[in-house]
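Everything below concerns the one structure shown next.
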Amino acid sequence: MQHRPFGRTGLKTSILGFGGFHLLEIPYSEAEFLLNTYLDAGGNYIETAASYGRGESERKIGRAVSSRRSEFVLVTKTGERDRVGCLESLDHSLDHLRTDHVDVLLMHGVGTKRDLDQILAPGGALEGAEYAKQQGRVRHIGISMHGQPDVLLAALHAYDFDAVMTTVNYYDRFNFPEIENALLPRAQRAGAAVILMKPLADGLLWRSAENAFRYAFSRPVSVVVSGINSRAMLADDLRFAERYEPLTREQADQLAMSAPELGTHVCRLCGQCLPCPVGIDIPEVFHLEGWYDRQMGNGRVDDTTEYALRERLKHWFGNQQLARDRYATLAIQADKCTHCGACTPRCPYGLEVEAKLAYADYKLAGRGIF
Ligand code: SF4
Ligand code: SF4
């Protein structure tokens, strides 16, 4: 399996990382088997969090593979925001993981400017992480968040984080284009490792798993983390990693543009529907719809399984208010549409642009559509 530099840390990590959240769903004996099989296959990145099952994921990892501690990069996360809480959380994590240090401690789920200010402030969690680093209990410090990356970008400006963990997949690239366009280049310039999460968009891309992993591995990231909870899934993920061949930029673009999961509902932000005679910035409206619910709600129930999955995932990232606030600043919102009919025939992806605009306006401004 290919290994890549983990930013400027001097570590090297396998392109496939083992995410520990889903260890909560399986018995210990199965977790032990999966973790050891992953290490035997050349994987060397295992990640968990203090909050996963209140330490249960960490406990399973510690029990299963602490005897092989030198073989892997161990990453955990703290959701605490102050120094004391961070150090207490780390004490528990090291105890659960049966080790004297983690290679990376991530500030977990830093989703708002307020969260970021808290961890950066005197007496904040970062101060605790730095103290633990001086003691050798933490080797490197990083930060994580789903979805819209403004806070992560601000974090990289404010502090030299060694690693940043973010969502990247070919579905959400059209909902959060700022991640690939701004956050990844910023992290690269800063020498921070990028930890990619959600290569299958929380399972939405399960029918196209090999393509989704190939897309993820082809991004400028150090490691692609997969939450693994079965032997079949581990075998698939290892196979994808072992036979991975990079996509060219054109191939990646083509894959994303033509992916069946995007269908005739997700806007590719191409702008070919413009100009609109009343000045509606159609791609921007759909971009904000992406922030709101990842363009997953389309008002129809064509396939109940697919519908249930989308309903479960659509607000996973919690960016609804941010989307509504940004939409409120648009000078011309979608309710100004005069239904001239010009945009829909121009869309090369078959989107019913007028109807989708009305639905996006309903989500973002609460105006009725029926
Ligand atoms: S149908 Fe509405 S959104 Fe489309 S071009 Fe005409 S006015 Fe603009
Ligand atoms: S043409 Fe279609 S895909 Fe392109 S920006 Fe307009 S609505 Fe989106």
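Numbering starts fresh at 1 for the residues of each chain in the structure tokens, the chains themselves are lettered A, B, ... in the order given, and ligands are numbered from 1 as they appear.
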If you count only C-alpha atoms and all ligand atoms, which residues end up within 7 Å of ligand 2, as number ranges by chain? A: 267-274, 282-283, 346-351, 353
Close residues, stretch 148-155 of chain A itself excluded, 7 Å, only C-alpha atoms, min 5 positions apart in chain, as a CSV table (one decimal) with C-alpha atoms, in the first residue's frame:
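Everything below was put into result_39.csv:
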```csv
chain,number,residue,atom,x,y,z
A,111,GLY,CA,-17.4,24.3,13.8
A,112,THR,CA,-17.8,27.9,14.8
A,113,LYS,CA,-15.7,31.0,15.2
A,116,LEU,CA,-12.1,28.4,17.5
A,176,PHE,CA,-18.5,22.7,-0.3
A,178,GLU,CA,-14.2,25.9,-0.9
A,179,ILE,CA,-12.6,22.7,0.6
A,183,LEU,CA,-8.6,24.8,2.2
A,291,TRP,CA,-24.4,24.2,2.5
```
Going by DSSP on the backbone, which bits of stretch 88-295 of chain A are helix (DSSP H, G or I)? Write them as JSON, numbers by chain, please. {"A": [88, 89, 90, 91, 92, 93, 94, 95, 96, 97, 113, 114, 115, 116, 117, 118, 119, 120, 125, 126, 127, 128, 129, 130, 131, 132, 133, 134, 150, 151, 152, 153, 154, 155, 156, 157, 158, 172, 173, 174, 177, 178, 179, 180, 181, 182, 183, 184, 185, 186, 187, 188, 189, 190, 206, 207, 208, 209, 210, 211, 212, 213, 214, 215, 216, 217, 231, 232, 233, 234, 235, 236, 237, 238, 239, 240, 241, 242, 249, 250, 251, 252, 253, 254, 255, 256, 257, 258, 282, 283, 284, 285, 286, 287, 288, 289, 290, 291, 292, 293]}
Closest of A:Glu242, A:Asp115, A:Asp160, A:Asp91 to A:Ala132 - atom-to-atom distances counting only C-alpha atoms: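 Looking at the shortest contact to A:Ala132, the residue is A:Asp91.
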Counting only C-alpha atoms and all ligand atoms, which protein, DNA or RNA residues come within 6 Å of ligand 1, given as an MDAnalysis selection string? chainID A and resid 276:278 280 337:343 354
Export of the given selection (C-alpha atoms) as a compact mmCIF listing (two decimals), in the first residue's frame:
```txt
# COMPACT_ATOMS: atom_id res chain seq x y z
CA CYS A 276 -30.67 35.20 -15.95
CA PRO A 277 -32.53 38.32 -17.16
CA VAL A 278 -33.43 39.38 -13.62
CA ILE A 280 -30.38 35.67 -10.15
CA CYS A 337 -37.72 34.49 -10.87
CA THR A 338 -40.19 35.56 -13.56
CA HIS A 339 -40.34 32.05 -15.06
CA CYS A 340 -39.08 33.21 -18.41
CA GLY A 341 -37.95 29.64 -19.09
CA ALA A 342 -34.46 30.51 -20.33
CA CYS A 343 -32.33 28.63 -17.80
CA GLU A 354 -36.76 26.78 -12.12
```
Among the residues A:Asp303, A:Asp162, A:Asp172, A:Glu127, the one that comes closest to A:Ile195 [using only C-alpha atoms]: A:Asp162
For stretch 24-32 of chain A, work out the shell of residues within 7 Å, counting only C-alpha atoms and skipping chain neighbours fewer than 3 positions away, then give it as JSON, numbers by chain. {"A": [21, 35, 36, 53, 56, 57, 60, 64, 229]}
Go ahead and dump the residues you just picked, C-alpha atoms, as a CSV table (one decimal), in the first residue's frame.
```
chain,number,residue,atom,x,y,z
A,21,PHE,CA,-16.1,5.3,15.1
A,35,LEU,CA,-7.5,-3.8,13.3
A,36,ASN,CA,-4.9,-6.5,13.2
A,53,GLY,CA,-18.9,5.8,22.7
A,56,GLU,CA,-15.4,2.7,24.0
A,57,SER,CA,-13.7,3.0,20.5
A,60,LYS,CA,-11.2,-1.5,21.8
A,64,ALA,CA,-6.6,-4.9,20.3
A,229,ASN,CA,-17.0,-2.3,10.7
```
Calculated over only C-alpha atoms, which of the candidates A:Leu106, A:Gly62, A:Arg114, A:Ala328 has the smallest distance to A:Leu94? A:Gly62
If you count only C-alpha atoms, which residues fall within 12 Å of A:Asp361, apart from same-chain ones fewer than 5 positions away, as a ChimeraX atom specification? /A:280,282,284-286,288-289,292,323-324,327-328,330,332-337,354-356,366-369
Selection file, N, CA and C atoms, as a PDB file, in the first residue's frame:
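Result went into out_25.pdb, see below:
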```
ATOM      1  N   ILE A 280     -30.565  36.694 -11.212  1.00  0.00           N
ATOM      2  CA  ILE A 280     -30.378  35.673 -10.155  1.00  0.00           C
ATOM      3  C   ILE A 280     -29.071  34.923 -10.432  1.00  0.00           C
ATOM      4  N   ILE A 282     -27.755  31.908 -10.277  1.00  0.00           N
ATOM      5  CA  ILE A 282     -28.324  30.561 -10.086  1.00  0.00           C
ATOM      6  C   ILE A 282     -27.316  29.603  -9.424  1.00  0.00           C
ATOM      7  N   GLU A 284     -24.902  30.229  -7.449  1.00  0.00           N
ATOM      8  CA  GLU A 284     -24.684  30.611  -6.047  1.00  0.00           C
ATOM      9  C   GLU A 284     -25.857  30.177  -5.164  1.00  0.00           C
ATOM     10  N   VAL A 285     -27.076  30.276  -5.688  1.00  0.00           N
ATOM     11  CA  VAL A 285     -28.237  29.803  -4.901  1.00  0.00           C
ATOM     12  C   VAL A 285     -28.076  28.311  -4.604  1.00  0.00           C
ATOM     13  N   PHE A 286     -27.667  27.541  -5.620  1.00  0.00           N
ATOM     14  CA  PHE A 286     -27.537  26.091  -5.408  1.00  0.00           C
ATOM     15  C   PHE A 286     -26.314  25.756  -4.546  1.00  0.00           C
ATOM     16  N   LEU A 288     -25.406  27.559  -2.015  1.00  0.00           N
ATOM     17  CA  LEU A 288     -25.890  27.740  -0.641  1.00  0.00           C
ATOM     18  C   LEU A 288     -26.878  26.649  -0.253  1.00  0.00           C
ATOM     19  N   GLU A 289     -27.618  26.139  -1.222  1.00  0.00           N
ATOM     20  CA  GLU A 289     -28.467  24.979  -0.949  1.00  0.00           C
ATOM     21  C   GLU A 289     -27.589  23.788  -0.528  1.00  0.00           C
ATOM     22  N   TYR A 292     -26.761  24.135   2.945  1.00  0.00           N
ATOM     23  CA  TYR A 292     -27.945  23.921   3.785  1.00  0.00           C
ATOM     24  C   TYR A 292     -28.209  22.435   4.030  1.00  0.00           C
ATOM     25  N   ALA A 323     -25.960  28.856   5.972  1.00  0.00           N
ATOM     26  CA  ALA A 323     -26.487  28.968   4.606  1.00  0.00           C
ATOM     27  C   ALA A 323     -27.596  30.007   4.538  1.00  0.00           C
ATOM     28  N   ARG A 324     -28.491  29.981   5.508  1.00  0.00           N
ATOM     29  CA  ARG A 324     -29.602  30.949   5.512  1.00  0.00           C
ATOM     30  C   ARG A 324     -29.077  32.372   5.695  1.00  0.00           C
ATOM     31  N   TYR A 327     -27.556  33.432   2.431  1.00  0.00           N
ATOM     32  CA  TYR A 327     -28.597  33.643   1.417  1.00  0.00           C
ATOM     33  C   TYR A 327     -29.285  34.989   1.632  1.00  0.00           C
ATOM     34  N   ALA A 328     -29.466  35.344   2.892  1.00  0.00           N
ATOM     35  CA  ALA A 328     -30.144  36.611   3.210  1.00  0.00           C
ATOM     36  C   ALA A 328     -29.351  37.812   2.691  1.00  0.00           C
ATOM     37  N   LEU A 330     -27.869  37.903  -0.287  1.00  0.00           N
ATOM     38  CA  LEU A 330     -27.898  37.988  -1.755  1.00  0.00           C
ATOM     39  C   LEU A 330     -28.820  39.129  -2.184  1.00  0.00           C
ATOM     40  N   ILE A 332     -30.289  39.572  -5.039  1.00  0.00           N
ATOM     41  CA  ILE A 332     -31.445  39.085  -5.797  1.00  0.00           C
ATOM     42  C   ILE A 332     -31.624  37.608  -5.468  1.00  0.00           C
ATOM     43  N   GLN A 333     -32.683  37.316  -4.764  1.00  0.00           N
ATOM     44  CA  GLN A 333     -32.925  35.929  -4.358  1.00  0.00           C
ATOM     45  C   GLN A 333     -33.835  35.233  -5.380  1.00  0.00           C
ATOM     46  N   ALA A 334     -33.985  33.930  -5.197  1.00  0.00           N
ATOM     47  CA  ALA A 334     -34.660  33.128  -6.220  1.00  0.00           C
ATOM     48  C   ALA A 334     -36.145  33.443  -6.359  1.00  0.00           C
ATOM     49  N   ASP A 335     -36.741  34.081  -5.360  1.00  0.00           N
ATOM     50  CA  ASP A 335     -38.177  34.405  -5.473  1.00  0.00           C
ATOM     51  C   ASP A 335     -38.445  35.486  -6.527  1.00  0.00           C
ATOM     52  N   LYS A 336     -37.377  36.091  -7.043  1.00  0.00           N
ATOM     53  CA  LYS A 336     -37.567  37.115  -8.092  1.00  0.00           C
ATOM     54  C   LYS A 336     -37.691  36.497  -9.489  1.00  0.00           C
ATOM     55  N   CYS A 337     -37.610  35.177  -9.566  1.00  0.00           N
ATOM     56  CA  CYS A 337     -37.725  34.494 -10.867  1.00  0.00           C
ATOM     57  C   CYS A 337     -39.062  34.849 -11.534  1.00  0.00           C
ATOM     58  N   GLU A 354     -35.736  25.929 -12.747  1.00  0.00           N
ATOM     59  CA  GLU A 354     -36.758  26.784 -12.123  1.00  0.00           C
ATOM     60  C   GLU A 354     -37.354  26.123 -10.877  1.00  0.00           C
ATOM     61  N   ALA A 355     -37.724  24.861 -11.004  1.00  0.00           N
ATOM     62  CA  ALA A 355     -38.339  24.159  -9.866  1.00  0.00           C
ATOM     63  C   ALA A 355     -37.342  24.024  -8.721  1.00  0.00           C
ATOM     64  N   LYS A 356     -36.093  23.740  -9.070  1.00  0.00           N
ATOM     65  CA  LYS A 356     -35.061  23.590  -8.030  1.00  0.00           C
ATOM     66  C   LYS A 356     -34.801  24.917  -7.323  1.00  0.00           C
ATOM     67  N   GLY A 366     -37.502  30.088   3.595  1.00  0.00           N
ATOM     68  CA  GLY A 366     -38.762  29.668   4.213  1.00  0.00           C
ATOM     69  C   GLY A 366     -39.994  30.083   3.449  1.00  0.00           C
ATOM     70  N   ARG A 367     -39.817  30.561   2.210  1.00  0.00           N
ATOM     71  CA  ARG A 367     -40.990  30.972   1.438  1.00  0.00           C
ATOM     72  C   ARG A 367     -41.668  29.723   0.851  1.00  0.00           C
ATOM     73  N   GLY A 368     -42.964  29.766   0.718  1.00  0.00           N
ATOM     74  CA  GLY A 368     -43.720  28.610   0.251  1.00  0.00           C
ATOM     75  C   GLY A 368     -43.475  28.285  -1.197  1.00  0.00           C
ATOM     76  N   ILE A 369     -43.656  27.030  -1.562  1.00  0.00           N
ATOM     77  CA  ILE A 369     -43.474  26.637  -2.950  1.00  0.00           C
ATOM     78  C   ILE A 369     -44.758  26.109  -3.569  1.00  0.00           C
TER      79      ILE A 369
END
```
Need to verify the contact set: stretch 41-44 of chain A, 6 Å, only C-alpha atoms, exclusion of same-chain residues closer than 2 positions in sequence. Can you return it as a compact mmCIF listing (two decimals) with N, CA and C atoms, in the first residue's frame?
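For reference, part_32.txt as written:
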```txt
# COMPACT_ATOMS: atom_id res chain seq x y z
N SER A 14 -0.05 5.43 5.56
CA SER A 14 -0.64 4.68 4.45
C SER A 14 -1.82 5.47 3.90
N TYR A 38 -5.84 -5.06 9.23
CA TYR A 38 -5.45 -3.79 8.60
C TYR A 38 -3.95 -3.54 8.76
N LEU A 39 -3.43 -3.73 9.95
CA LEU A 39 -1.98 -3.52 10.16
C LEU A 39 -1.17 -4.55 9.38
N PHE A 72 2.11 1.85 14.12
CA PHE A 72 1.10 2.73 13.52
C PHE A 72 1.09 4.13 14.14
N VAL A 73 0.58 5.03 13.33
CA VAL A 73 0.34 6.41 13.75
C VAL A 73 -1.03 6.42 14.44
```
Out of A:Glu71, A:Glu245, A:Glu210, A:Asp325, which residue has the shortest atom-to-atom distance to A:Gln2 when counting only C-alpha atoms? A:Glu245
Report, in Å with one decimal, the straight-line distance from atom CA of A:Leu156 to atom CA of A:Leu11.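 Separation of atom CA of A:Leu156 and atom CA of A:Leu11: 19.9 Å.
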Test item: residues at most 12 Å from A:Asp95, only C-alpha atoms, excluding those fewer than 2 positions along its chain, as a compact mmCIF listing (two decimals) with C-alpha atoms, in the first residue's frame:
```
# COMPACT_ATOMS: atom_id res chain seq x y z
CA ALA A 50 -12.55 10.52 23.12
CA GLY A 55 -14.11 6.05 25.17
CA GLU A 56 -15.38 2.67 23.95
CA GLU A 58 -10.45 3.94 22.21
CA ARG A 59 -10.75 1.03 24.64
CA LYS A 60 -11.24 -1.47 21.82
CA ILE A 61 -8.24 -0.09 19.93
CA GLY A 62 -6.05 -0.10 23.04
CA ARG A 63 -6.98 -3.66 23.91
CA SER A 66 -1.49 -1.58 21.88
CA GLU A 88 -8.19 15.46 31.46
CA SER A 89 -9.59 14.14 28.19
CA LEU A 90 -6.10 13.22 27.02
CA ASP A 91 -5.38 11.37 30.28
CA HIS A 92 -8.48 9.25 29.74
CA SER A 93 -7.63 8.67 26.07
CA LEU A 97 -5.54 3.37 24.34
CA ARG A 98 -2.96 1.74 26.67
CA THR A 99 -0.15 3.98 25.50
CA ASP A 100 1.98 6.87 26.79
CA HIS A 101 1.49 9.09 23.73
CA VAL A 102 -0.65 9.79 20.69
CA ARG A 137 2.29 12.72 25.46
```
Step one, run DSSP on the backbone; step two, keep only residues of stretch 32-270 of chain A assigned to strand (DSSP E); then write them as a PDB file with N, CA and C atoms, in the first residue's frame.
```pdb
ATOM      1  N   TYR A  45      -2.355   3.807   9.986  1.00  0.00           N
ATOM      2  CA  TYR A  45      -2.997   5.012  10.555  1.00  0.00           C
ATOM      3  C   TYR A  45      -4.304   4.588  11.211  1.00  0.00           C
ATOM      4  N   ILE A  46      -4.387   4.750  12.512  1.00  0.00           N
ATOM      5  CA  ILE A  46      -5.603   4.393  13.250  1.00  0.00           C
ATOM      6  C   ILE A  46      -6.086   5.628  14.003  1.00  0.00           C
ATOM      7  N   GLU A  47      -7.363   5.920  13.819  1.00  0.00           N
ATOM      8  CA  GLU A  47      -7.900   7.163  14.368  1.00  0.00           C
ATOM      9  C   GLU A  47      -9.185   6.917  15.140  1.00  0.00           C
ATOM     10  N   VAL A  73       0.581   5.034  13.325  1.00  0.00           N
ATOM     11  CA  VAL A  73       0.338   6.414  13.751  1.00  0.00           C
ATOM     12  C   VAL A  73      -1.027   6.419  14.439  1.00  0.00           C
ATOM     13  N   LEU A  74      -1.049   6.862  15.691  1.00  0.00           N
ATOM     14  CA  LEU A  74      -2.280   6.824  16.488  1.00  0.00           C
ATOM     15  C   LEU A  74      -2.807   8.251  16.679  1.00  0.00           C
ATOM     16  N   VAL A  75      -4.072   8.415  16.321  1.00  0.00           N
ATOM     17  CA  VAL A  75      -4.693   9.746  16.349  1.00  0.00           C
ATOM     18  C   VAL A  75      -5.962   9.676  17.182  1.00  0.00           C
ATOM     19  N   THR A  76      -6.104  10.601  18.123  1.00  0.00           N
ATOM     20  CA  THR A  76      -7.390  10.740  18.793  1.00  0.00           C
ATOM     21  C   THR A  76      -7.785  12.206  18.813  1.00  0.00           C
ATOM     22  N   LYS A  77      -8.981  12.456  19.326  1.00  0.00           N
ATOM     23  CA  LYS A  77      -9.515  13.827  19.278  1.00  0.00           C
ATOM     24  C   LYS A  77     -10.071  14.188  20.647  1.00  0.00           C
ATOM     25  N   THR A  78     -10.026  15.480  20.928  1.00  0.00           N
ATOM     26  CA  THR A  78     -10.700  15.981  22.123  1.00  0.00           C
ATOM     27  C   THR A  78     -11.718  17.043  21.733  1.00  0.00           C
ATOM     28  N   VAL A 102       0.000   9.873  22.001  1.00  0.00           N
ATOM     29  CA  VAL A 102      -0.645   9.786  20.685  1.00  0.00           C
ATOM     30  C   VAL A 102       0.220  10.577  19.709  1.00  0.00           C
ATOM     31  N   ASP A 103       0.212  10.150  18.454  1.00  0.00           N
ATOM     32  CA  ASP A 103       1.004  10.860  17.453  1.00  0.00           C
ATOM     33  C   ASP A 103       0.352  12.183  17.073  1.00  0.00           C
ATOM     34  N   VAL A 104      -0.979  12.187  17.050  1.00  0.00           N
ATOM     35  CA  VAL A 104      -1.694  13.425  16.712  1.00  0.00           C
ATOM     36  C   VAL A 104      -2.906  13.545  17.638  1.00  0.00           C
ATOM     37  N   LEU A 105      -3.059  14.739  18.202  1.00  0.00           N
ATOM     38  CA  LEU A 105      -4.290  15.068  18.930  1.00  0.00           C
ATOM     39  C   LEU A 105      -5.023  16.128  18.112  1.00  0.00           C
ATOM     40  N   LEU A 106      -6.258  15.786  17.717  1.00  0.00           N
ATOM     41  CA  LEU A 106      -7.060  16.725  16.927  1.00  0.00           C
ATOM     42  C   LEU A 106      -8.042  17.458  17.840  1.00  0.00           C
ATOM     43  N   MET A 107      -8.148  18.752  17.643  1.00  0.00           N
ATOM     44  CA  MET A 107      -9.238  19.520  18.253  1.00  0.00           C
ATOM     45  C   MET A 107     -10.502  19.129  17.481  1.00  0.00           C
ATOM     46  N   VAL A 138       1.781  14.046  23.501  1.00  0.00           N
ATOM     47  CA  VAL A 138       1.200  14.360  22.190  1.00  0.00           C
ATOM     48  C   VAL A 138       2.358  14.767  21.294  1.00  0.00           C
ATOM     49  N   ARG A 139       2.419  14.184  20.096  1.00  0.00           N
ATOM     50  CA  ARG A 139       3.544  14.528  19.215  1.00  0.00           C
ATOM     51  C   ARG A 139       3.185  15.677  18.257  1.00  0.00           C
ATOM     52  N   HIS A 140       1.948  15.716  17.813  1.00  0.00           N
ATOM     53  CA  HIS A 140       1.536  16.746  16.858  1.00  0.00           C
ATOM     54  C   HIS A 140       0.087  17.144  17.157  1.00  0.00           C
ATOM     55  N   ILE A 141      -0.260  18.380  16.730  1.00  0.00           N
ATOM     56  CA  ILE A 141      -1.589  18.918  17.051  1.00  0.00           C
ATOM     57  C   ILE A 141      -2.318  19.285  15.758  1.00  0.00           C
ATOM     58  N   GLY A 142      -3.570  18.867  15.675  1.00  0.00           N
ATOM     59  CA  GLY A 142      -4.360  19.173  14.478  1.00  0.00           C
ATOM     60  C   GLY A 142      -5.759  19.625  14.847  1.00  0.00           C
ATOM     61  N   ILE A 143      -6.590  19.765  13.822  1.00  0.00           N
ATOM     62  CA  ILE A 143      -7.944  20.291  14.018  1.00  0.00           C
ATOM     63  C   ILE A 143      -8.875  19.626  13.010  1.00  0.00           C
ATOM     64  N   SER A 144     -10.151  19.443  13.380  1.00  0.00           N
ATOM     65  CA  SER A 144     -11.079  18.756  12.473  1.00  0.00           C
ATOM     66  C   SER A 144     -12.430  19.461  12.442  1.00  0.00           C
ATOM     67  N   ALA A 163      -1.919  19.301  11.310  1.00  0.00           N
ATOM     68  CA  ALA A 163      -2.840  18.494  10.490  1.00  0.00           C
ATOM     69  C   ALA A 163      -4.228  19.107  10.517  1.00  0.00           C
ATOM     70  N   VAL A 164      -4.939  18.922   9.423  1.00  0.00           N
ATOM     71  CA  VAL A 164      -6.321  19.384   9.349  1.00  0.00           C
ATOM     72  C   VAL A 164      -7.157  18.249   8.749  1.00  0.00           C
ATOM     73  N   MET A 165      -8.289  17.968   9.383  1.00  0.00           N
ATOM     74  CA  MET A 165      -9.156  16.877   8.927  1.00  0.00           C
ATOM     75  C   MET A 165     -10.437  17.468   8.357  1.00  0.00           C
ATOM     76  N   THR A 166     -10.786  17.065   7.134  1.00  0.00           N
ATOM     77  CA  THR A 166     -11.930  17.672   6.471  1.00  0.00           C
ATOM     78  C   THR A 166     -12.621  16.676   5.550  1.00  0.00           C
ATOM     79  N   THR A 167     -13.828  17.054   5.126  1.00  0.00           N
ATOM     80  CA  THR A 167     -14.649  16.231   4.239  1.00  0.00           C
ATOM     81  C   THR A 167     -14.230  16.426   2.784  1.00  0.00           C
ATOM     82  N   ALA A 193      -0.582  18.419   7.244  1.00  0.00           N
ATOM     83  CA  ALA A 193      -1.126  17.203   6.633  1.00  0.00           C
ATOM     84  C   ALA A 193      -2.634  17.361   6.484  1.00  0.00           C
ATOM     85  N   VAL A 194      -3.181  16.830   5.392  1.00  0.00           N
ATOM     86  CA  VAL A 194      -4.637  16.800   5.248  1.00  0.00           C
ATOM     87  C   VAL A 194      -5.118  15.370   5.465  1.00  0.00           C
ATOM     88  N   ILE A 195      -6.028  15.222   6.408  1.00  0.00           N
ATOM     89  CA  ILE A 195      -6.667  13.943   6.700  1.00  0.00           C
ATOM     90  C   ILE A 195      -8.049  13.999   6.054  1.00  0.00           C
ATOM     91  N   LEU A 196      -8.270  13.150   5.088  1.00  0.00           N
ATOM     92  CA  LEU A 196      -9.547  13.171   4.355  1.00  0.00           C
ATOM     93  C   LEU A 196     -10.548  12.258   5.049  1.00  0.00           C
ATOM     94  N   MET A 197     -11.727  12.779   5.335  1.00  0.00           N
ATOM     95  CA  MET A 197     -12.791  11.928   5.878  1.00  0.00           C
ATOM     96  C   MET A 197     -13.989  11.919   4.933  1.00  0.00           C
ATOM     97  N   VAL A 223      -3.832  11.038   3.931  1.00  0.00           N
ATOM     98  CA  VAL A 223      -4.485   9.770   4.277  1.00  0.00           C
ATOM     99  C   VAL A 223      -5.994   9.908   4.071  1.00  0.00           C
ATOM    100  N   VAL A 224      -6.609   8.821   3.628  1.00  0.00           N
ATOM    101  CA  VAL A 224      -8.062   8.763   3.441  1.00  0.00           C
ATOM    102  C   VAL A 224      -8.612   7.841   4.526  1.00  0.00           C
ATOM    103  N   VAL A 225      -9.426   8.390   5.407  1.00  0.00           N
ATOM    104  CA  VAL A 225      -9.902   7.609   6.552  1.00  0.00           C
ATOM    105  C   VAL A 225     -11.261   6.988   6.236  1.00  0.00           C
ATOM    106  N   SER A 226     -11.331   5.692   6.453  1.00  0.00           N
ATOM    107  CA  SER A 226     -12.573   4.963   6.214  1.00  0.00           C
ATOM    108  C   SER A 226     -13.045   4.354   7.535  1.00  0.00           C
ATOM    109  N   GLY A 227     -14.302   4.569   7.862  1.00  0.00           N
ATOM    110  CA  GLY A 227     -14.866   3.958   9.065  1.00  0.00           C
ATOM    111  C   GLY A 227     -15.233   2.519   8.747  1.00  0.00           C
TER     112      GLY A 227
END
```
Just give me the gap between atom CA of A:Asn319 and atom CA of A:Glu130 in Å, one decimal is fine.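 Taking atom CA of A:Asn319 and atom CA of A:Glu130, their separation equals 29.8 Å.
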Could you tell me how far atom CA of A:Tyr159 lies from atom CA of A:Cys86, in Å and to one decimal?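 Straight-line distance from atom CA of A:Tyr159 to atom CA of A:Cys86 works out to 17.3 Å.
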